[in-house]
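A.B. asks: Take this structure, written in structure tokens, and hold onto it; I'll ask about it next.
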Amino acid sequence: MKYVYYPGCSASGTSKEAEESLQAAMRALGVEWTELEDWNCCGAAVAIGTSYLLSLALPARNLALAERAESDLVTGCSRCFMNLIRAVHYTHENASVREEVNELLAETGVQYSGKARLRHLLDVIINDVGLDVVAERVTQPLDGLRVAPYYGCCQGMWTYAQFDSTEDPHCFDQLLATLGAEVVDYRLKTACCGGTLSMSRRSVGARLIGDLLAAADDADCIVTACPLCLFNLNSFQREAGKIKGTHFNIPVLFLTQIMGMAFGLPKKALGLQRHVVPVDGLYEKIAAGAAVSSSAASASGAR
Amino acid sequence: MGAQANTVDKAWTLHTPERVLAARDLVGNDFSLCYQCGLCTGSCRTAYAMKYTPRQIMNLLQLGREDEAVAGGSGLLCTACFSCTFRCPRGVAVTDMMTAIQRRTLAEKHADPHIRRFYRAFLRTVERHGRFHEAEFLVRYYAPNPLRLRDELRLGLTLLMKGKVTLKAPKVKSQKGIAAMFRKAAEIEGRP
Amino acid sequence: MVVPSDNHEPRIVGFLCNWCAYQGADLAGTSRMAYTPNVRIVRVMCTGRIDPTFVLKAFSSGADGVIIAGCHPGDCHYSEGNYKTTRRIAFLRKLLAQMGIDGERFRLEWVSAGEGAKWAQIADEMSAAIKEKGPLAWRENLKEA
Amino acid sequence: MPEGKSDVKIGVYICHCGSNIAGTVDVEEVTGFAQEQGSVAVARNYKFMCSEPGQALIKQDIEELGLDGVVVAACSPRMHEPTFRRVCEAAGLNPYRLDMCNIREQCSWVHKNGATEKAKALISAAISRARYLEPLERREVPVVPAALVVGGGIAGIQAALKVADAGRKVYLVEREPSIGGHMIQLDKTFPTLDCSACILTPKMAAVKAHPNIELMTYSEVVDVQGYVGNFKVTIRRKPRYVDESLCTGCGICWEKCPWKAESEFDCGLGQRKAIYTPFPQAVPNVPVIDPEHCVYILRDGKCGACLKFCEREAIDFNQTEKMVEVEVGAIIVATGYDVFDPSAITRLGYERFPNVITSLEFERLCNATGPTGGHIVVNGQEPKSVGIIHCVGSRDRKYHEYCSRVCCMYALKFAHLIREKIEGANVYQFYIDMRCFGKGFEEFYQRAGTEGVTFIRGRPAQVTDLAISEEEQGKLVVVCENTLVGAVMRVPVDMVILCPAMEPRADARDVARLFNLSQSADGFLLERHAKLEPVATASDGVFIVGCVQGPKDIPDTVAQALAGAAEALALIDKGSVELEAATAVVDEAACSGCKICIPLCPYSAITFNEAEKRALINEALCKGCGVCVAACPAAAIVARHFTDQQILAEVEALLVDARPAPAEV
């Protein structure tokens with residue numbers, strides 16, 4: 001399997017661990033993974049506040065690049081996915097938008113015709129690679145680890161419409177269960193983390209983050225499918241705690257990090273040292289869980 | 001005259017259909033389909049902090065009162081998560097309208113300068129480098145307001161130490177072309 | 001050769017079956033859905049009645065496009081007249097293609113009695129597409145050829 | 001100008017239809033245009049052609065000018081063709097010499113500009129066709145004096161009783177083991193609050209007792225052949241494994257049966273046995289054996305409790321499916337509706353939370369014969385607060401765009417019943433618009449308002465168990481913008497009732513095909529005319545009544561059922577129907593005997609005369625579709641009223657303005 005992928009600014013910057021672990025996990029799964037050449041920022045949730053056209057043309061340029069490379073495009077960032085798929089839909093539905101977007105793209109010498117298909121990382125892992133292949137690669141099952149999957153808002157909508165329920169998706173749960181984790185169901189798994197509000201309007205952003213952390217409180221860790229959410233949930237636990245009148249200390253990981261843990265990949269390759277909220281405790285929990293399950297296994301074996 | 005006249009003074013006068021149509025051009029979608037059920041607002045995580053909820057903004061647009069919506073600044077709280085658009089039972093592209101209001105709020109300088117600076121700083125780094133550049137962004141965003149910078153110092157240092165923020169600017173080959181896209185967009189959209 | 005001109009309004013003949021498509025067009029009317037006046041309708045009981053000569057006659061009489069519209073597959077009032085149409089039309093389509101008449105000028109559509117909006121949309125689409133292509137002027141062009 | 005028959009005299013009549021046509025089409029100009037066409041003896045316009053004076057105008061011209069053909073340019077032929085055919089007939093002109101030209105539905109109503117030009121083209125086409133129209137004779141055949149009613153809900157019951165009361169034979173076919181439909185599941189009915197079973201069961205008993213009604217439950221219509229007045233209907237009777245003629249309904253069998261299943265009648269909230277009647281007042285009061293739960297059937301004779309205890313020896317495991325054929329003159333389709341499955345809208349928590357229920361489930365909970373004996377209990381507790389969510393799957397483009405018309409009223413009824421049964425209960429109505437338009441409805445709305453019900457205007461975004469305060473612990477929280485205040489509310493409740501849309505039956509498409517009907521865009525079956533023919537359909541002799549046509553409350557359903565009965569009786573009592581004269585006919589001289597046409601005919605109307613080597617069409621069976629006509633390689637089959645000549649002339653004249661004027665050539 002060969003893929004051209006779009007990392008996005010967040011995964012190559014403030015959430016570097018997402019990118020590092022993604023590379024490591026994909027190598028482990030035997031997936032050929034090449035970065036889209038010369039990609040640019042999709043505009044996050046910011047370009048749209050200045051220019052409607054840029055909010056479509058910036059992501060469209062990356063699709064055009066994929067088209068030039070005669071490939072589909074995969075991304076592991078939900079915010080980017082949202083912007084990219086919006087560009088796909090809007091240029092498809094509206095001829096005048098398509099023309100104007102291409103007029104902009106001409107400045108960088110590319111055109112977008114709508115040929116390149118867009119895929120989400122989760123979609124690729126579950127539907128192309130397959131959970132059976134993922135299961136085979138697991139060397140250190142996440143026994144006893146209670147994990148809350150955070151699908152994210154941008155995930156819950158167009159993204160999952162391609163391969164899962166839009167309002168109540170379950171694909172992430174399946175992946176985590178394959179890794180041996182105990183999946184924690186909680187009500188805000190598709191609620192928005194506030195995106196860039198954490199930077200532009202801290203009081204509101206931190207409240208949204210606080211609500212999320214509180215809802216997933218009884219999990220050992222939260223796992224996200226978006227580097228931007230990863231950054232938000234990791235970096236503002238102190239501020240969120242202040243607003244909610246509590247103290248949060250919940251490790252938050254990217255989905256390929258937890259996969260890498262289950263695959264027994266080295267911590268450094270997964271960027272685990274980069275976390276604001278330390279994640280070392282998780283290994284202890286897994287070890288304890290493994291001990292319990294192996295003693296249970298030997299007990300049942302004795303009988 | 002008297003008391004009754006006062007009431008009338010305070011009442012909103014209705015705008016003409018032409019004016020409502022002008023608003024439709026502004027946001028490019030048919031908000032007149034909205035039947036005010038409030039599902040958008042109920043689905044919105046930031047509505048609690050808004051002066052006008054998304055549904056109320058739809059109503060302001062229907063009345064040709066988009067200036068009121070723009071000045072209210074609620075559009076700035078839209079995270080573009082698209083929940084409202086996906087759920088709208090009448091198929092109204094609510095998010096597109098919220099962001100249209102957001103654009104005008106920013107363009108017409110109704111927003112707090114700090115927030116305006118956030119948008120400017122972010123996009124400026126993309127325009128200059130093709131990608132987001134955290135370090136440059138932080139400088140542009142906080143430089144005029146050192147007090148805020150002090151609040152952020154703790155996080156900034158942590159990020160720096162963990163290797164999440166680098167001072168080196170990202171390199172994109174087509175960087176000039178991307179800057180040209182920004183200029184072209186401003187030209188088409190008639191922005192300064 | 002007759003060349004496309006900007007102010008050319010195409011003439012399109014629609015052969016519509018009495019039970020589905022014609023009723024659908026009536027529904028577009030009762031629902032007051034505005035659409036192009038360029039499509040003119042001939043009512044037949046079933047699309048299965050449509051003889052290829054009707055279509056050829058329309059083109060030779062100056063039509064720029066012909067549309068046949070009937071019940072959705074499986075919904076034919078006469079059980080499967082529309083299915084028979086499909087087969088007959090496939091042949092006619094090849095013939096027309098040889099004469100330079102493509103799929104934008106000759107269409108087969110399924111429109112149910114409840115699909116007034118669909119009929120209006122098809123009419124507008126087809127008219128716009130043909131307008132872009134310009135007049136067919138079949139007789140004149142054939143003479144020149 | 002096409003070469004027409006020069007000797008015919010045609011009258012052209014252009015209707016203003018008030019301003020419906022004249023407002024867009026310049027009728028004077030069009031009249032002038034018509035006047036100039038060949039063969040046109042007279043062209044007139046008038047305000048309402050279909051009115052008495054309009055008709056008189058045509059009649060007078062036919063008589064005085066001796067017209068051979070008439071063109072009426074007005075509304076759709078589906079609207080007034082029969083009217084103007086009668087006019088022609090009355091004036092002594094063969095009705096098939098009329099051509100209707102549709103300049104309303106397909107012209108003035110849909111075009112802002114260019115309507116006049118198009119009207120001219122359409123009229124020119126109609127005149128050309130009219131030149132070639134030939135007189136045809138219609139034949140009469142007798143009507144079978146019986147009706148078939150499909151579906152035994154309140155609509156079917158009411159229609160069957162009325163036709164039977166008029167002395168006509170009725171076959172009533174019901175898919176379920178008992179008649180009663182959705183209505184028998186309901187508790188009280190709005191706005192009068194009379195008990196649903198109390199008003200329906202006497203009617204069900206009357207059906208059973210009526211000498212003119214042959215009731216076939218647990219049966220389905222599988223095939224319909226023939227035509228108006230003479231339908232041949234095949235009905236599949238599923239095996240009950242109980243002999244209806246022997247069973248007394250004593251109940252010993254279901255008392256002794258050890259095997260249980262979820263009760264469909266109680267929406268899965270209660271249980272029934274493997275041999276069961278759906279409810280105690282079932283009609284007929286004869287049980288059926290459910291082969292999916294009966295162990296005798298599943299495991300080859302390993303039970304037989306019912307066999308042992310039935311003194312009448314009515315249990316018969318050897319029963320098999322039976323096909324019954326009946327002949328009827330009219331058919332009334334009353335197959336009802338389905339309830340929308342709200343689990344599609346996951347955010348409302350149906351199926352995730354046991355205390356989120358549908359309105360139909362609440363009806364069973366509230367009903368004294370229901371699984372809880374009429375006690376409103378969820379999760380083992382009586383709810384102290386209830387949220388009722390309107391428009392679930394209705395008024396929503398993602399599911400059903402239409403309004404289901406009954407939810408506002410039954411939601412008010414629920415509030416009343418809850419307040420009556422649970423003292424001090426808080427009831428919240430989450431509504432978008434209160435639609436209380438029927439007789440006595442507004443008064444009921446007022447009454448509910450004074451009974452301590454809270455109205456919150458807004459469509460809820462979420463039903464969640466995520467508590468953010470002490471007060472919300474252990475409750476369901478309805479999250480919703482109170483749109484009248486402009487603030488998001490969180491309303492903690494013990495129970496949520498969803499009001500799901502009424503939607504077309506899952507097999508509505510199959511039913512439509514079976515009876516040759518159309519569906520409207522929403523999936524319900526389509527009536528012939530939205531206002532004036534509410535129960536007739538595009539298929540003559542087939543009528544639709546009740547919710548099969550669209551969401552309705554009980555009074556409207558009953559009114560429609562009676563309308564359907566009247567239509568069926570009018571057809572039957574007339575005694576005969578005129579058959580379509582526009583059939584196909586073989587020109588024997590031209591027929592080469594190739595037999596291509598024979599397998600094409602969907603009605604097997606074409607036979608082959610071996611002696612003469614000619615095809616022959618049986619006019620009684622032919623429905624005039626014309627498939628054989630288009631297929632005949634020798635052009636030996638003529639479609640009467642739609643001849644090649646007529647259509648070709650129509651097409652040519654339709655494009656009269658598309659060709660360059662002769663002077664320019």
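Numbering starts fresh at 1 for the residues of each chain in the structure tokens, the chains themselves are lettered A, B, ... in the order given, and ligands are numbered from 1 as they appear.
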Could you write out as a VMD selection string the residues of chain C within 8 Å of chain D, counting only C-alpha atoms?
C.D. replies: chain C and resid 11 13 19 to 20 25 to 30 32 to 38 40 42 44 to 46 48 to 51 54 57 to 58 61 to 63 74 to 75 77 to 81 84 112 to 115
A.B. asks: Please list as number ranges by chain every residue within 12 Å of region 71-76 of chain B, counting only C-alpha atoms and excluding residues in the same chain fewer than 2 positions away.
C.D. replies: A: 45-46, 48-50, 194, 196-197, 200-201, 204; B: 41, 44, 46-58, 60, 65-69, 78-80, 94-112, 115-116, 118-119
A.B. asks: Here is a test: counting only C-alpha atoms, which residue of D:Ala605, D:Met502, D:Gly541, D:Leu466 is nearest to chain A?
C.D. replies: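 For chain A, the nearest of the candidates is D:Leu466.
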A.B. asks: Report as a list of chain:residue names all protein, DNA and RNA residues lying within 7 Å of Leu179 (chain A), evaluated on only C-alpha atoms, omitting residues in the same chain fewer than 6 positions from it.
C.D. replies: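 Those residues are A:Ala135, A:Val138, A:Pro141, A:Leu142, A:Met259, A:Ala262.
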A.B. asks: When DSSP is applied to the backbone of this structure, which of region 115-337 of chain D are assigned helix (DSSP H, G or I)? Write them out as number ranges by chain.
C.D. replies: D: 115-132, 154-165, 183-185, 196-209, 252-256, 295-298, 305-309
A.B. asks: Can I get the selection written as a PDB file, in the first residue's frame, with C-alpha atoms?
C.D. replies:
ATOM      1  CA  ALA D 115     -45.284  31.814 -22.514  1.00  0.00           C
ATOM      2  CA  THR D 116     -47.231  33.406 -25.356  1.00  0.00           C
ATOM      3  CA  GLU D 117     -44.832  32.099 -27.995  1.00  0.00           C
ATOM      4  CA  LYS D 118     -44.883  28.653 -26.480  1.00  0.00           C
ATOM      5  CA  ALA D 119     -48.675  28.689 -26.285  1.00  0.00           C
ATOM      6  CA  LYS D 120     -48.805  29.446 -29.992  1.00  0.00           C
ATOM      7  CA  ALA D 121     -46.557  26.530 -30.803  1.00  0.00           C
ATOM      8  CA  LEU D 122     -48.581  24.191 -28.593  1.00  0.00           C
ATOM      9  CA  ILE D 123     -51.838  25.311 -30.166  1.00  0.00           C
ATOM     10  CA  SER D 124     -50.461  24.985 -33.672  1.00  0.00           C
ATOM     11  CA  ALA D 125     -49.429  21.414 -32.771  1.00  0.00           C
ATOM     12  CA  ALA D 126     -52.853  20.623 -31.361  1.00  0.00           C
ATOM     13  CA  ILE D 127     -54.582  21.960 -34.478  1.00  0.00           C
ATOM     14  CA  SER D 128     -52.356  19.822 -36.684  1.00  0.00           C
ATOM     15  CA  ARG D 129     -53.115  16.748 -34.669  1.00  0.00           C
ATOM     16  CA  ALA D 130     -56.821  17.562 -34.599  1.00  0.00           C
ATOM     17  CA  ARG D 131     -56.886  17.510 -38.398  1.00  0.00           C
ATOM     18  CA  TYR D 132     -56.174  13.811 -38.276  1.00  0.00           C
ATOM     19  CA  ILE D 154     -59.644   2.402  10.880  1.00  0.00           C
ATOM     20  CA  ALA D 155     -59.642   3.524   7.229  1.00  0.00           C
ATOM     21  CA  GLY D 156     -60.184   0.062   5.801  1.00  0.00           C
ATOM     22  CA  ILE D 157     -62.748  -0.884   8.458  1.00  0.00           C
ATOM     23  CA  GLN D 158     -64.809   2.232   7.870  1.00  0.00           C
ATOM     24  CA  ALA D 159     -64.694   1.910   4.069  1.00  0.00           C
ATOM     25  CA  ALA D 160     -65.575  -1.798   4.173  1.00  0.00           C
ATOM     26  CA  LEU D 161     -68.526  -1.239   6.499  1.00  0.00           C
ATOM     27  CA  LYS D 162     -69.966   1.530   4.369  1.00  0.00           C
ATOM     28  CA  VAL D 163     -69.732  -0.402   1.094  1.00  0.00           C
ATOM     29  CA  ALA D 164     -71.182  -3.477   2.803  1.00  0.00           C
ATOM     30  CA  ASP D 165     -73.993  -1.457   4.356  1.00  0.00           C
ATOM     31  CA  MET D 183     -55.655   2.975  16.104  1.00  0.00           C
ATOM     32  CA  ILE D 184     -56.301  -0.031  18.319  1.00  0.00           C
ATOM     33  CA  GLN D 185     -52.845   0.481  19.864  1.00  0.00           C
ATOM     34  CA  SER D 196     -59.603   4.487  21.259  1.00  0.00           C
ATOM     35  CA  ALA D 197     -60.544   0.849  21.869  1.00  0.00           C
ATOM     36  CA  CYS D 198     -64.007   1.819  23.102  1.00  0.00           C
ATOM     37  CA  ILE D 199     -64.889   3.514  19.842  1.00  0.00           C
ATOM     38  CA  LEU D 200     -63.089   1.094  17.539  1.00  0.00           C
ATOM     39  CA  THR D 201     -63.906  -2.386  18.878  1.00  0.00           C
ATOM     40  CA  PRO D 202     -67.641  -2.144  18.072  1.00  0.00           C
ATOM     41  CA  LYS D 203     -66.723  -1.397  14.489  1.00  0.00           C
ATOM     42  CA  MET D 204     -64.294  -4.315  14.393  1.00  0.00           C
ATOM     43  CA  ALA D 205     -67.025  -6.618  15.691  1.00  0.00           C
ATOM     44  CA  ALA D 206     -69.424  -5.230  13.087  1.00  0.00           C
ATOM     45  CA  VAL D 207     -66.940  -6.130  10.343  1.00  0.00           C
ATOM     46  CA  LYS D 208     -66.799  -9.696  11.593  1.00  0.00           C
ATOM     47  CA  ALA D 209     -70.574  -9.961  11.846  1.00  0.00           C
ATOM     48  CA  ILE D 252     -56.758 -22.375  26.500  1.00  0.00           C
ATOM     49  CA  CYS D 253     -54.063 -22.775  23.824  1.00  0.00           C
ATOM     50  CA  TRP D 254     -52.240 -19.555  24.564  1.00  0.00           C
ATOM     51  CA  GLU D 255     -52.701 -20.077  28.248  1.00  0.00           C
ATOM     52  CA  LYS D 256     -50.934 -23.443  28.031  1.00  0.00           C
ATOM     53  CA  VAL D 295     -41.163 -25.285  19.236  1.00  0.00           C
ATOM     54  CA  TYR D 296     -43.524 -27.821  17.688  1.00  0.00           C
ATOM     55  CA  ILE D 297     -42.660 -26.342  14.288  1.00  0.00           C
ATOM     56  CA  LEU D 298     -39.026 -25.554  15.071  1.00  0.00           C
ATOM     57  CA  ALA D 305     -49.304 -28.334  24.256  1.00  0.00           C
ATOM     58  CA  CYS D 306     -51.923 -26.510  22.201  1.00  0.00           C
ATOM     59  CA  LEU D 307     -52.772 -29.682  20.295  1.00  0.00           C
ATOM     60  CA  LYS D 308     -53.357 -31.512  23.536  1.00  0.00           C
ATOM     61  CA  PHE D 309     -55.542 -28.900  25.188  1.00  0.00           C
TER      62      PHE D 309
END
A.B. asks: Counting only C-alpha atoms, which of A:Ser198, A:Val147, A:Lys189, A:Leu131 gets nearest to Ile250 (chain A)?
C.D. replies: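 Result for the nearest residue to Ile250 (chain A): A:Val147.
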A.B. asks: Could you check how far CA of Ala146 (chain D) sits from CA of Thr234 (chain D), in Å to one decimal?
C.D. replies: 14.7 Å
A.B. asks: Select residues of chain A: the criterion is any atom within 6 Å of an atom of chain B, counting only C-alpha atoms; output as a PyMOL selection string.
C.D. replies: chain A and resi 9+13-14+38+40-41+49-50+104+107-108+153-154+194+200+274
A.B. asks: Output N, CA and C atoms of each residue in that selection to a file, as a PDB file, in the first residue's frame.
C.D. replies:
ATOM      1  N   CYS A   9       0.295  21.806   9.504  1.00  0.00           N
ATOM      2  CA  CYS A   9       1.230  22.586  10.300  1.00  0.00           C
ATOM      3  C   CYS A   9       1.301  22.106  11.740  1.00  0.00           C
ATOM      4  N   GLY A  13       4.566  20.904  13.852  1.00  0.00           N
ATOM      5  CA  GLY A  13       5.044  21.908  14.788  1.00  0.00           C
ATOM      6  C   GLY A  13       4.696  21.563  16.225  1.00  0.00           C
ATOM      7  N   THR A  14       3.643  22.201  16.734  1.00  0.00           N
ATOM      8  CA  THR A  14       3.322  22.066  18.153  1.00  0.00           C
ATOM      9  C   THR A  14       2.899  20.656  18.544  1.00  0.00           C
ATOM     10  N   ASP A  38       5.921  19.859  -1.076  1.00  0.00           N
ATOM     11  CA  ASP A  38       5.661  21.297  -1.157  1.00  0.00           C
ATOM     12  C   ASP A  38       4.289  21.736  -0.627  1.00  0.00           C
ATOM     13  N   ASN A  40       1.189  23.195   1.716  1.00  0.00           N
ATOM     14  CA  ASN A  40       1.064  24.470   2.437  1.00  0.00           C
ATOM     15  C   ASN A  40      -0.018  24.379   3.499  1.00  0.00           C
ATOM     16  N   CYS A  41      -0.069  25.382   4.340  1.00  0.00           N
ATOM     17  CA  CYS A  41      -1.064  25.434   5.426  1.00  0.00           C
ATOM     18  C   CYS A  41      -2.466  25.463   4.838  1.00  0.00           C
ATOM     19  N   GLY A  49     -11.806  33.507   8.490  1.00  0.00           N
ATOM     20  CA  GLY A  49     -12.180  34.759   9.145  1.00  0.00           C
ATOM     21  C   GLY A  49     -11.715  35.978   8.368  1.00  0.00           C
ATOM     22  N   THR A  50     -10.888  35.734   7.357  1.00  0.00           N
ATOM     23  CA  THR A  50     -10.397  36.859   6.573  1.00  0.00           C
ATOM     24  C   THR A  50     -10.900  36.768   5.136  1.00  0.00           C
ATOM     25  N   LEU A 104      -6.786  31.442  -8.414  1.00  0.00           N
ATOM     26  CA  LEU A 104      -5.778  31.619  -7.367  1.00  0.00           C
ATOM     27  C   LEU A 104      -4.664  30.583  -7.499  1.00  0.00           C
ATOM     28  N   GLU A 107      -1.591  30.944  -9.704  1.00  0.00           N
ATOM     29  CA  GLU A 107      -0.440  31.712  -9.223  1.00  0.00           C
ATOM     30  C   GLU A 107       0.700  30.797  -8.781  1.00  0.00           C
ATOM     31  N   THR A 108       0.351  29.552  -8.390  1.00  0.00           N
ATOM     32  CA  THR A 108       1.416  28.626  -8.001  1.00  0.00           C
ATOM     33  C   THR A 108       1.572  27.520  -9.044  1.00  0.00           C
ATOM     34  N   CYS A 153     -14.795  17.332  16.735  1.00  0.00           N
ATOM     35  CA  CYS A 153     -15.985  17.830  16.044  1.00  0.00           C
ATOM     36  C   CYS A 153     -15.848  17.685  14.540  1.00  0.00           C
ATOM     37  N   CYS A 154     -14.703  18.096  14.021  1.00  0.00           N
ATOM     38  CA  CYS A 154     -14.523  18.072  12.577  1.00  0.00           C
ATOM     39  C   CYS A 154     -14.565  16.639  12.082  1.00  0.00           C
ATOM     40  N   GLY A 194     -12.844  23.594  20.568  1.00  0.00           N
ATOM     41  CA  GLY A 194     -12.684  25.045  20.501  1.00  0.00           C
ATOM     42  C   GLY A 194     -11.663  25.501  19.486  1.00  0.00           C
ATOM     43  N   SER A 200      -7.166  32.561  20.712  1.00  0.00           N
ATOM     44  CA  SER A 200      -7.745  33.879  20.472  1.00  0.00           C
ATOM     45  C   SER A 200      -8.696  34.305  21.590  1.00  0.00           C
ATOM     46  N   ARG A 274       7.640  14.380  24.605  1.00  0.00           N
ATOM     47  CA  ARG A 274       7.253  15.756  24.295  1.00  0.00           C
ATOM     48  C   ARG A 274       5.975  16.198  25.002  1.00  0.00           C
TER      49      ARG A 274
END
A.B. asks: Select residues of chain D: the criterion is any atom within 12 Å of an atom of chain A, counting only C-alpha atoms; output as a ChimeraX atom specification.
C.D. replies: /D:343-349,352,461-469,477
A.B. asks: If you keep C-alpha atoms, can you produce a file of those selected residues as a compact mmCIF listing (two decimals), in the first residue's frame?
C.D. replies:
# COMPACT_ATOMS: atom_id res chain seq x y z
CA SER D 343 -32.67 5.57 16.44
CA ALA D 344 -31.51 7.13 13.16
CA ILE D 345 -31.10 10.39 15.09
CA THR D 346 -28.53 9.15 17.58
CA ARG D 347 -28.25 12.44 19.44
CA LEU D 348 -31.76 11.97 20.82
CA GLY D 349 -30.65 8.83 22.64
CA ARG D 352 -29.19 4.23 24.15
CA ALA D 461 -30.01 19.30 20.02
CA GLN D 462 -29.23 16.52 22.45
CA VAL D 463 -30.63 14.13 25.02
CA THR D 464 -27.76 13.21 27.29
CA ASP D 465 -27.06 11.63 30.66
CA LEU D 466 -23.94 13.74 31.14
CA ALA D 467 -24.76 15.65 34.32
CA ILE D 468 -23.03 18.95 34.99
CA SER D 469 -24.85 19.72 38.23
CA VAL D 477 -30.94 16.20 30.18
A.B. asks: Name all residues at most 8 Å from Glu527 (chain D) (count only C-alpha atoms; drop same-chain ones fewer than 2 positions away) and give them as a PyMOL selection string.
C.D. replies: chain D and resi 525+529-530+533-538+544+549
A.B. asks: Provide the CA of Gly151 (chain D) to CA of Ile331 (chain D) distance in Å, to one decimal place.
C.D. replies: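 Result for CA of Gly151 (chain D) versus CA of Ile331 (chain D): 11.1 Å, one decimal.
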